[in-house]
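Chemist: Sharing upload.pdb here; it has PDB, C-alpha atoms and all ligand atoms.
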ATOM      1  CA  CYS S   1      -6.034 -12.292  -6.613  1.00  0.00           C
ATOM      2  CA  ALA S   2      -5.728 -14.730  -9.471  1.00  0.00           C
ATOM      3  CA  SER S   3      -9.173 -16.320  -9.331  1.00  0.00           C
ATOM      4  CA  LEU S   4     -11.342 -15.778 -12.417  1.00  0.00           C
ATOM      5  CA  VAL S   5     -14.021 -13.800 -10.646  1.00  0.00           C
ATOM      6  CA  CYS S   6     -11.432 -11.257  -9.499  1.00  0.00           C
ATOM      7  CA  GLN S   7     -10.524 -10.424 -13.077  1.00  0.00           C
ATOM      8  CA  GLN S   8     -14.034  -9.129 -13.604  1.00  0.00           C
ATOM      9  CA  PRO S   9     -14.978  -5.512 -12.779  1.00  0.00           C
ATOM     10  CA  TYR S  10     -14.568  -4.633  -9.134  1.00  0.00           C
ATOM     11  CA  ALA S  11     -18.234  -4.831  -8.140  1.00  0.00           C
ATOM     12  CA  GLN S  12     -18.258  -8.491  -9.062  1.00  0.00           C
ATOM     13  CA  ALA S  13     -14.843  -9.076  -7.548  1.00  0.00           C
ATOM     14  CA  LEU S  14     -16.265  -8.238  -4.124  1.00  0.00           C
ATOM     15  CA  THR S  15     -17.796 -11.699  -4.066  1.00  0.00           C
ATOM     16  CA  CYS S  16     -14.319 -13.210  -4.230  1.00  0.00           C
ATOM     17  CA  THR S  17     -13.343 -15.061  -1.081  1.00  0.00           C
ATOM     18  CA  VAL S  18      -9.642 -15.301  -1.949  1.00  0.00           C
ATOM     19  CA  ARG S  19      -7.748 -12.564  -0.127  1.00  0.00           C
ATOM     20  CA  PRO S  20      -5.102 -10.754  -2.182  1.00  0.00           C
ATOM     21  CA  LYS S  21      -1.489 -10.999  -1.016  1.00  0.00           C
ATOM     22  CA  THR S  22      -1.476  -7.305  -0.270  1.00  0.00           C
ATOM     23  CA  LEU S  23      -4.381  -4.899  -0.323  1.00  0.00           C
ATOM     24  CA  THR S  24      -2.635  -2.176  -2.277  1.00  0.00           C
ATOM     25  CA  ALA S  25      -1.532  -4.573  -5.026  1.00  0.00           C
ATOM     26  CA  TRP S  26      -5.122  -5.556  -5.562  1.00  0.00           C
ATOM     27  CA  LEU S  27      -6.375  -1.986  -5.433  1.00  0.00           C
ATOM     28  CA  GLN S  28      -3.732  -0.755  -7.849  1.00  0.00           C
ATOM     29  CA  ALA S  29      -4.769  -3.497 -10.256  1.00  0.00           C
ATOM     30  CA  SER S  30      -8.298  -2.140 -10.193  1.00  0.00           C
ATOM     31  CA  SER S  31      -7.370   1.539  -9.889  1.00  0.00           C
ATOM     32  CA  LYS S  32      -8.770   2.485 -13.285  1.00  0.00           C
ATOM     33  CA  HIS S  33     -12.185   1.304 -12.288  1.00  0.00           C
ATOM     34  CA  GLU S  34     -14.755   4.055 -11.752  1.00  0.00           C
ATOM     35  CA  TYR S  35     -15.815   2.589  -8.421  1.00  0.00           C
ATOM     36  CA  PHE S  36     -12.263   2.733  -7.090  1.00  0.00           C
ATOM     37  CA  LEU S  37     -12.870   4.959  -4.063  1.00  0.00           C
ATOM     38  CA  MET S  38     -16.109   3.306  -3.060  1.00  0.00           C
ATOM     39  CA  ALA S  39     -14.433  -0.059  -3.526  1.00  0.00           C
ATOM     40  CA  ILE S  40     -11.592   0.814  -1.121  1.00  0.00           C
ATOM     41  CA  GLU S  41     -14.124   1.622   1.580  1.00  0.00           C
ATOM     42  CA  ASP S  42     -15.975  -1.643   0.954  1.00  0.00           C
ATOM     43  CA  LEU S  43     -12.780  -3.676   0.967  1.00  0.00           C
ATOM     44  CA  TYR S  44     -11.453  -2.035   4.126  1.00  0.00           C
ATOM     45  CA  ARG S  45     -14.798  -2.578   5.862  1.00  0.00           C
ATOM     46  CA  GLU S  46     -14.592  -6.248   4.913  1.00  0.00           C
ATOM     47  CA  VAL S  47     -11.044  -6.519   6.293  1.00  0.00           C
ATOM     48  CA  ILE S  48     -12.169  -5.011   9.627  1.00  0.00           C
ATOM     49  CA  MET S  49     -15.197  -7.321   9.872  1.00  0.00           C
ATOM     50  CA  ASP S  50     -13.020 -10.308   8.943  1.00  0.00           C
ATOM     51  CA  HIS S  51     -10.671  -9.634  11.888  1.00  0.00           C
ATOM     52  CA  TYR S  52     -13.634  -8.963  14.199  1.00  0.00           C
ATOM     53  CA  LYS S  53     -15.399 -12.208  13.335  1.00  0.00           C
ATOM     54  CA  ARG S  54     -12.256 -14.362  12.980  1.00  0.00           C
ATOM     55  CA  PRO S  55      -9.766 -12.785  15.404  1.00  0.00           C
ATOM     56  CA  ARG S  56      -6.111 -13.793  14.947  1.00  0.00           C
ATOM     57  CA  ASN S  57      -3.914 -14.740  17.915  1.00  0.00           C
ATOM     58  CA  LYS S  58      -6.717 -14.885  20.475  1.00  0.00           C
ATOM     59  CA  GLY S  59      -6.192 -16.393  23.915  1.00  0.00           C
ATOM     60  CA  PRO S  60      -3.916 -16.127  26.943  1.00  0.00           C
ATOM     61  CA  ASN S  61      -0.219 -17.001  26.964  1.00  0.00           C
ATOM     62  CA  LEU S  62       1.100 -18.315  30.285  1.00  0.00           C
ATOM     63  CA  GLU S  63       4.715 -17.795  29.215  1.00  0.00           C
ATOM     64  CA  ALA S  64       4.236 -14.101  28.446  1.00  0.00           C
ATOM     65  CA  ASN S  65       6.612 -11.716  30.203  1.00  0.00           C
ATOM     66  CA  VAL S  66       4.526  -8.639  29.410  1.00  0.00           C
ATOM     67  CA  VAL S  67       0.811  -8.591  30.280  1.00  0.00           C
ATOM     68  CA  VAL S  68      -1.032  -5.313  29.734  1.00  0.00           C
ATOM     69  CA  GLU S  69      -4.700  -4.456  30.006  1.00  0.00           C
ATOM     70  CA  GLY S  70      -6.234  -1.527  28.161  1.00  0.00           C
ATOM     71  CA  VAL S  71      -9.631   0.140  28.457  1.00  0.00           C
ATOM     72  CA  ASN S  72     -11.415   2.814  26.463  1.00  0.00           C
ATOM     73  CA  PRO S  73     -14.111   4.126  28.822  1.00  0.00           C
ATOM     74  CA  LEU S  74     -15.674   6.268  26.067  1.00  0.00           C
ATOM     75  CA  CYS S  75     -16.861   3.182  24.194  1.00  0.00           C
ATOM     76  CA  GLY S  76     -16.485   0.414  26.805  1.00  0.00           C
ATOM     77  CA  ASP S  77     -13.734  -1.395  24.886  1.00  0.00           C
ATOM     78  CA  GLU S  78     -11.461  -3.708  26.877  1.00  0.00           C
ATOM     79  CA  ILE S  79      -8.405  -5.685  25.816  1.00  0.00           C
ATOM     80  CA  LYS S  80      -5.777  -7.801  27.537  1.00  0.00           C
ATOM     81  CA  LEU S  81      -2.507  -8.299  25.723  1.00  0.00           C
ATOM     82  CA  TRP S  82       0.096 -11.039  26.302  1.00  0.00           C
ATOM     83  CA  LEU S  83       3.585 -10.610  24.834  1.00  0.00           C
ATOM     84  CA  THR S  84       6.620 -12.855  24.953  1.00  0.00           C
ATOM     85  CA  ILE S  85       9.794 -10.859  24.367  1.00  0.00           C
ATOM     86  CA  ASN S  86      12.995 -12.909  24.174  1.00  0.00           C
ATOM     87  CA  ASN S  87      16.586 -11.991  25.089  1.00  0.00           C
ATOM     88  CA  GLU S  88      17.200 -10.720  21.549  1.00  0.00           C
ATOM     89  CA  LYS S  89      14.410  -8.174  22.142  1.00  0.00           C
ATOM     90  CA  THR S  90      12.121  -9.824  19.608  1.00  0.00           C
ATOM     91  CA  VAL S  91       8.387 -10.346  20.083  1.00  0.00           C
ATOM     92  CA  THR S  92       8.081 -14.111  19.689  1.00  0.00           C
ATOM     93  CA  ALA S  93       4.408 -14.301  20.711  1.00  0.00           C
ATOM     94  CA  ALA S  94       1.543 -11.808  20.957  1.00  0.00           C
ATOM     95  CA  SER S  95      -2.039 -12.664  21.775  1.00  0.00           C
ATOM     96  CA  PHE S  96      -5.112 -11.019  23.254  1.00  0.00           C
ATOM     97  CA  GLU S  97      -8.559 -11.328  24.724  1.00  0.00           C
ATOM     98  CA  GLY S  98     -11.096  -8.569  24.743  1.00  0.00           C
ATOM     99  CA  GLN S  99     -14.573  -7.267  24.291  1.00  0.00           C
ATOM    100  CA  GLY S 100     -15.966  -4.152  22.736  1.00  0.00           C
ATOM    101  CA  CYS S 101     -16.789  -2.639  19.379  1.00  0.00           C
ATOM    102  CA  SER S 102     -15.691  -4.161  16.084  1.00  0.00           C
ATOM    103  CA  ILE S 103     -13.063  -1.449  15.506  1.00  0.00           C
ATOM    104  CA  SER S 104     -11.283  -2.010  18.827  1.00  0.00           C
ATOM    105  CA  GLN S 105     -11.304  -5.808  18.510  1.00  0.00           C
ATOM    106  CA  ALA S 106     -10.301  -5.847  14.824  1.00  0.00           C
ATOM    107  CA  SER S 107      -7.515  -3.373  15.574  1.00  0.00           C
ATOM    108  CA  VAL S 108      -5.922  -5.550  18.265  1.00  0.00           C
ATOM    109  CA  SER S 109      -6.157  -8.658  16.061  1.00  0.00           C
ATOM    110  CA  ILE S 110      -4.477  -6.759  13.210  1.00  0.00           C
ATOM    111  CA  MET S 111      -1.827  -5.419  15.601  1.00  0.00           C
ATOM    112  CA  THR S 112      -0.769  -8.868  16.837  1.00  0.00           C
ATOM    113  CA  GLU S 113      -0.246  -9.972  13.226  1.00  0.00           C
ATOM    114  CA  ALA S 114       1.887  -6.900  12.536  1.00  0.00           C
ATOM    115  CA  ILE S 115       4.273  -7.346  15.496  1.00  0.00           C
ATOM    116  CA  ILE S 116       4.899 -11.091  15.889  1.00  0.00           C
ATOM    117  CA  GLY S 117       8.494 -11.865  14.905  1.00  0.00           C
ATOM    118  CA  GLU S 118       9.542  -8.197  14.962  1.00  0.00           C
ATOM    119  CA  CYS S 119      12.294  -6.725  17.120  1.00  0.00           C
ATOM    120  CA  LEU S 120      11.254  -4.022  19.591  1.00  0.00           C
ATOM    121  CA  GLU S 121      12.836  -1.308  17.470  1.00  0.00           C
ATOM    122  CA  ASN S 122      10.621  -2.299  14.539  1.00  0.00           C
ATOM    123  CA  VAL S 123       7.590  -2.600  16.824  1.00  0.00           C
ATOM    124  CA  LYS S 124       8.167   1.016  17.910  1.00  0.00           C
ATOM    125  CA  THR S 125       8.304   2.096  14.249  1.00  0.00           C
ATOM    126  CA  ILE S 126       5.096   0.174  13.510  1.00  0.00           C
ATOM    127  CA  ILE S 127       3.304   1.807  16.462  1.00  0.00           C
ATOM    128  CA  SER S 128       4.489   5.283  15.381  1.00  0.00           C
ATOM    129  CA  SER S 129       3.352   4.661  11.829  1.00  0.00           C
ATOM    130  CA  PHE S 130      -0.114   3.537  12.966  1.00  0.00           C
ATOM    131  CA  ARG S 131      -0.504   6.469  15.362  1.00  0.00           C
ATOM    132  CA  ALA S 132       0.636   8.947  12.692  1.00  0.00           C
ATOM    133  CA  MET S 133      -1.944   7.530  10.253  1.00  0.00           C
ATOM    134  CA  MET S 134      -4.782   7.679  12.793  1.00  0.00           C
ATOM    135  CA  LEU S 135      -3.944  10.908  14.632  1.00  0.00           C
ATOM    136  CA  GLU S 136      -2.174  13.036  12.005  1.00  0.00           C
ATOM    137  CA  GLY S 137      -3.519  11.655   8.732  1.00  0.00           C
ATOM    138  CA  SER S 138      -0.079  10.502   7.523  1.00  0.00           C
ATOM    139  CA  GLU S 139       0.081   8.254   4.474  1.00  0.00           C
ATOM    140  CA  PRO S 140      -0.172   4.653   5.745  1.00  0.00           C
ATOM    141  CA  ASP S 141       2.635   2.195   4.990  1.00  0.00           C
ATOM    142  CA  GLU S 142       1.232  -1.267   4.256  1.00  0.00           C
ATOM    143  CA  LYS S 143       4.666  -2.886   4.607  1.00  0.00           C
ATOM    144  CA  LEU S 144       4.675  -1.816   8.254  1.00  0.00           C
ATOM    145  CA  LEU S 145       0.989  -1.972   9.103  1.00  0.00           C
ATOM    146  CA  GLY S 146      -0.340  -4.907   7.070  1.00  0.00           C
ATOM    147  CA  ASP S 147      -4.140  -4.961   7.358  1.00  0.00           C
ATOM    148  CA  GLY S 148      -3.797  -1.957   9.704  1.00  0.00           C
ATOM    149  CA  ILE S 149      -4.166   0.367   6.723  1.00  0.00           C
ATOM    150  CA  ALA S 150      -7.822  -0.697   6.587  1.00  0.00           C
ATOM    151  CA  LEU S 151      -8.448   1.303   9.770  1.00  0.00           C
ATOM    152  CA  GLU S 152      -7.495   4.604   8.125  1.00  0.00           C
ATOM    153  CA  GLY S 153     -11.161   5.273   7.283  1.00  0.00           C
ATOM    154  CA  VAL S 154     -11.985   5.409  11.008  1.00  0.00           C
ATOM    155  CA  ARG S 155     -10.478   8.929  10.921  1.00  0.00           C
ATOM    156  CA  GLN S 156     -13.772  10.061   9.407  1.00  0.00           C
ATOM    157  CA  PHE S 157     -15.381   9.325  12.778  1.00  0.00           C
ATOM    158  CA  PRO S 158     -13.240  11.163  15.375  1.00  0.00           C
ATOM    159  CA  VAL S 159     -15.141   9.655  18.311  1.00  0.00           C
ATOM    160  CA  ARG S 160     -14.011   6.176  17.191  1.00  0.00           C
ATOM    161  CA  ILE S 161     -10.290   6.972  16.849  1.00  0.00           C
ATOM    162  CA  LYS S 162      -9.700   5.935  20.480  1.00  0.00           C
ATOM    163  CA  CYS S 163     -11.265   2.541  19.682  1.00  0.00           C
ATOM    164  CA  ALA S 164      -8.674   2.038  16.938  1.00  0.00           C
ATOM    165  CA  VAL S 165      -5.614   3.244  18.886  1.00  0.00           C
ATOM    166  CA  LEU S 166      -6.464   1.571  22.235  1.00  0.00           C
ATOM    167  CA  SER S 167      -4.478  -1.627  21.626  1.00  0.00           C
ATOM    168  CA  TRP S 168      -1.516   0.219  20.078  1.00  0.00           C
ATOM    169  CA  ASN S 169      -1.222   2.596  23.052  1.00  0.00           C
ATOM    170  CA  THR S 170      -1.557  -0.387  25.413  1.00  0.00           C
ATOM    171  CA  LEU S 171       1.239  -2.195  23.541  1.00  0.00           C
ATOM    172  CA  ASN S 172       3.411   0.919  23.620  1.00  0.00           C
ATOM    173  CA  LEU S 173       3.090   1.203  27.402  1.00  0.00           C
ATOM    174  CA  GLY S 174       3.922  -2.497  27.821  1.00  0.00           C
ATOM    175  CA  ILE S 175       7.130  -2.414  25.811  1.00  0.00           C
ATOM    176  CA  ASP S 176       8.270   0.867  27.399  1.00  0.00           C
ATOM    177  CA  GLN S 177       7.806  -0.699  30.813  1.00  0.00           C
ATOM    178  CA  HIS S 178       9.601  -3.869  29.673  1.00  0.00           C
ATOM    179  CA  ALA S 179      12.628  -1.771  28.707  1.00  0.00           C
ATOM    180  CA  THR S 180      12.983  -0.485  32.268  1.00  0.00           C
ATOM    181  CA  ALA S 181      11.951  -3.705  34.064  1.00  0.00           C
ATOM    182  CA  GLY S 182      14.874  -5.845  32.897  1.00  0.00           C
ATOM    183  CA  ASP S 183      14.092  -9.525  33.488  1.00  0.00           C
ATOM    184  CA  GLN S 184      11.064  -8.741  35.659  1.00  0.00           C
ATOM    185  CA  ARG S 185       7.629  -9.716  34.385  1.00  0.00           C
ATOM    186  CA  VAL S 186       5.606  -6.631  33.473  1.00  0.00           C
ATOM    187  CA  GLU S 187       1.935  -6.394  34.414  1.00  0.00           C
ATOM    188  CA  LEU S 188       0.050  -3.121  34.151  1.00  0.00           C
ATOM    189  CA  LYS S 189      -3.043  -1.273  32.967  1.00  0.00           C
ATOM    190  CA  HIS S 190      -3.665   1.485  30.471  1.00  0.00           C
ATOM    191  CA  SER S 191      -6.720   3.691  30.095  1.00  0.00           C
ATOM    192  CA  GLU S 192      -7.561   5.994  27.200  1.00  0.00           C
ATOM    193  CA  SER S 193      -8.690   9.282  28.667  1.00  0.00           C
TER     194      SER S 193
HETATM  195 ZN    ZN S 201     -15.017   1.151  20.552  1.00  0.00          ZN
END
In structure tokens, how does this file's structure come out?

Modeler:
Amino acid sequence: CASLVCQQPYAQALTCTVRPKTLTAWLQASSKHEYFLMAIEDLYREVIMDHYKRPRNKGPNLEANVVVEGVNPLCGDEIKLWLTINNEKTVTAASFEGQGCSISQASVSIMTEAIIGECLENVKTIISSFRAMMLEGSEPDEKLLGDGIALEGVRQFPVRIKCAVLSWNTLNLGIDQHATAGDQRVELKHSES
């Protein structure tokens, strides 16, 4: 972030409203600061709340050829995902509606941003990378996950991991089904159990 306030020590920089181009670039720039670790948690929490309060790609898509609903009964999270996948096997549109906790709703918003414009092969890699971060503690890759790396901290609360992975598992089911359905429209449901 190039704004003046961001060149001050990190605690003051938190007031900055200009989002850095990438999270890690900003964090590396402030990595010598003694509040580094605490600051990551604060920044990631802000990213999650930002997606929760200002969801990206919200709303139905009547032209979607994959429509998948996902529920997480443990927490009561619900999402509905609309995908348009073209003949070149690229996700040209992804949107959602849903209700539930901030983690589940931020996660699906973040996910749509990560997959729009990507071919299905890349989408599979992105899903694997997110699942490996959440379920196995693998090092997150910001190039693949974008703001998704902000959800890594949810691992500290095992009961909430299902909230974070709900939309990604729902997406995974939808594109697997699309691969076998050919030109048929896919409509199905997923439940975390
Ligand atoms: Zn939840």

Chemist: Which residues, named as in the file, does the PyMOL selection byres (((chain S and resi 137) around 12) and not hetatm) pick out? Answer as number ranges by chain.

Modeler: S: 129-136, 138-141, 149, 151-156, 158, 161

Chemist: For ligand ZN 201 (chain S), return the neighbouring residues as a list of chain:residue names (distance at most 7 Å; only C-alpha atoms and all ligand atoms).

Modeler: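 Residues lying within 7 Å of ligand ZN 201 (chain S): S:Cys75, S:Gly76, S:Asp77, S:Gly100, S:Cys101, S:Ser102, S:Ile103, S:Ser104, S:Arg160, S:Cys163.
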
Chemist: Go ahead and dump the residues you just picked, C-alpha atoms, as a PDB file, in the coordinates of the input.

Modeler:
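Saved file out_22.pdb follows:
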ATOM      1  CA  CYS S  75     -16.861   3.182  24.194  1.00  0.00           C
ATOM      2  CA  GLY S  76     -16.485   0.414  26.805  1.00  0.00           C
ATOM      3  CA  ASP S  77     -13.734  -1.395  24.886  1.00  0.00           C
ATOM      4  CA  GLY S 100     -15.966  -4.152  22.736  1.00  0.00           C
ATOM      5  CA  CYS S 101     -16.789  -2.639  19.379  1.00  0.00           C
ATOM      6  CA  SER S 102     -15.691  -4.161  16.084  1.00  0.00           C
ATOM      7  CA  ILE S 103     -13.063  -1.449  15.506  1.00  0.00           C
ATOM      8  CA  SER S 104     -11.283  -2.010  18.827  1.00  0.00           C
ATOM      9  CA  ARG S 160     -14.011   6.176  17.191  1.00  0.00           C
ATOM     10  CA  CYS S 163     -11.265   2.541  19.682  1.00  0.00           C
TER      11      CYS S 163
END

Chemist: Apply the PyMOL selection byres (((chain S and resi 50) around 12) and not hetatm) to the displayed file and report the matching residues as a list of chain:residue names.

Modeler: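 Checking the PyMOL selection byres (((chain S and resi 50) around 12) and not hetatm) against this file, the residues are S:Thr17, S:Arg19, S:Leu43, S:Tyr44, S:Arg45, S:Glu46, S:Val47, S:Ile48, S:Met49, S:His51, S:Tyr52, S:Lys53, S:Arg54, S:Pro55, S:Arg56, S:Ser102, S:Ile103, S:Gln105, S:Ala106, S:Ser107, S:Ser109, S:Ile110, S:Asp147, S:Ala150.
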
Chemist: Determine the residue membership of the PyMOL selection byres (((chain S and resi 170-179) around 8) and not hetatm) for the file above and supply it as a ChimeraX atom specification.

Modeler: /S:66-70,81,120,124,127,166-169,180-182,184-190

Chemist: For a test of reading the model, state the distance in Å between atom CA of S:Asn87 and atom CA of S:Asp183, rounded to one decimal.

Modeler: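 According to the coordinates, atom CA of S:Asn87 and atom CA of S:Asp183 are separated by 9.1 Å.
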
Chemist: S:Thr92: which residues within 10 Å, counting all atoms listed in the file, same-chain residues fewer than 3 positions away excluded, as a list of chain:residue names?

Modeler: S:Ala64, S:Leu83, S:Thr84, S:Ile85, S:Asn86, S:Glu88, S:Lys89, S:Ile115, S:Ile116, S:Gly117, S:Glu118, S:Cys119

Chemist: Write out as a PyMOL selection string the residues lying within 6 Å of S:Ser95, counting only C-alpha atoms and excluding same-chain residues fewer than 4 positions away.

Modeler: chain S and resi 57-59+81-82

Chemist: Atoms to include: C-alpha atoms. Write the selected residues as a PDB file, in the frame of the given file.

Modeler:
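Printed below is part-v7.pdb as written:
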ATOM      1  CA  ASN S  57      -3.914 -14.740  17.915  1.00  0.00           C
ATOM      2  CA  LYS S  58      -6.717 -14.885  20.475  1.00  0.00           C
ATOM      3  CA  GLY S  59      -6.192 -16.393  23.915  1.00  0.00           C
ATOM      4  CA  LEU S  81      -2.507  -8.299  25.723  1.00  0.00           C
ATOM      5  CA  TRP S  82       0.096 -11.039  26.302  1.00  0.00           C
TER       6      TRP S  82
END
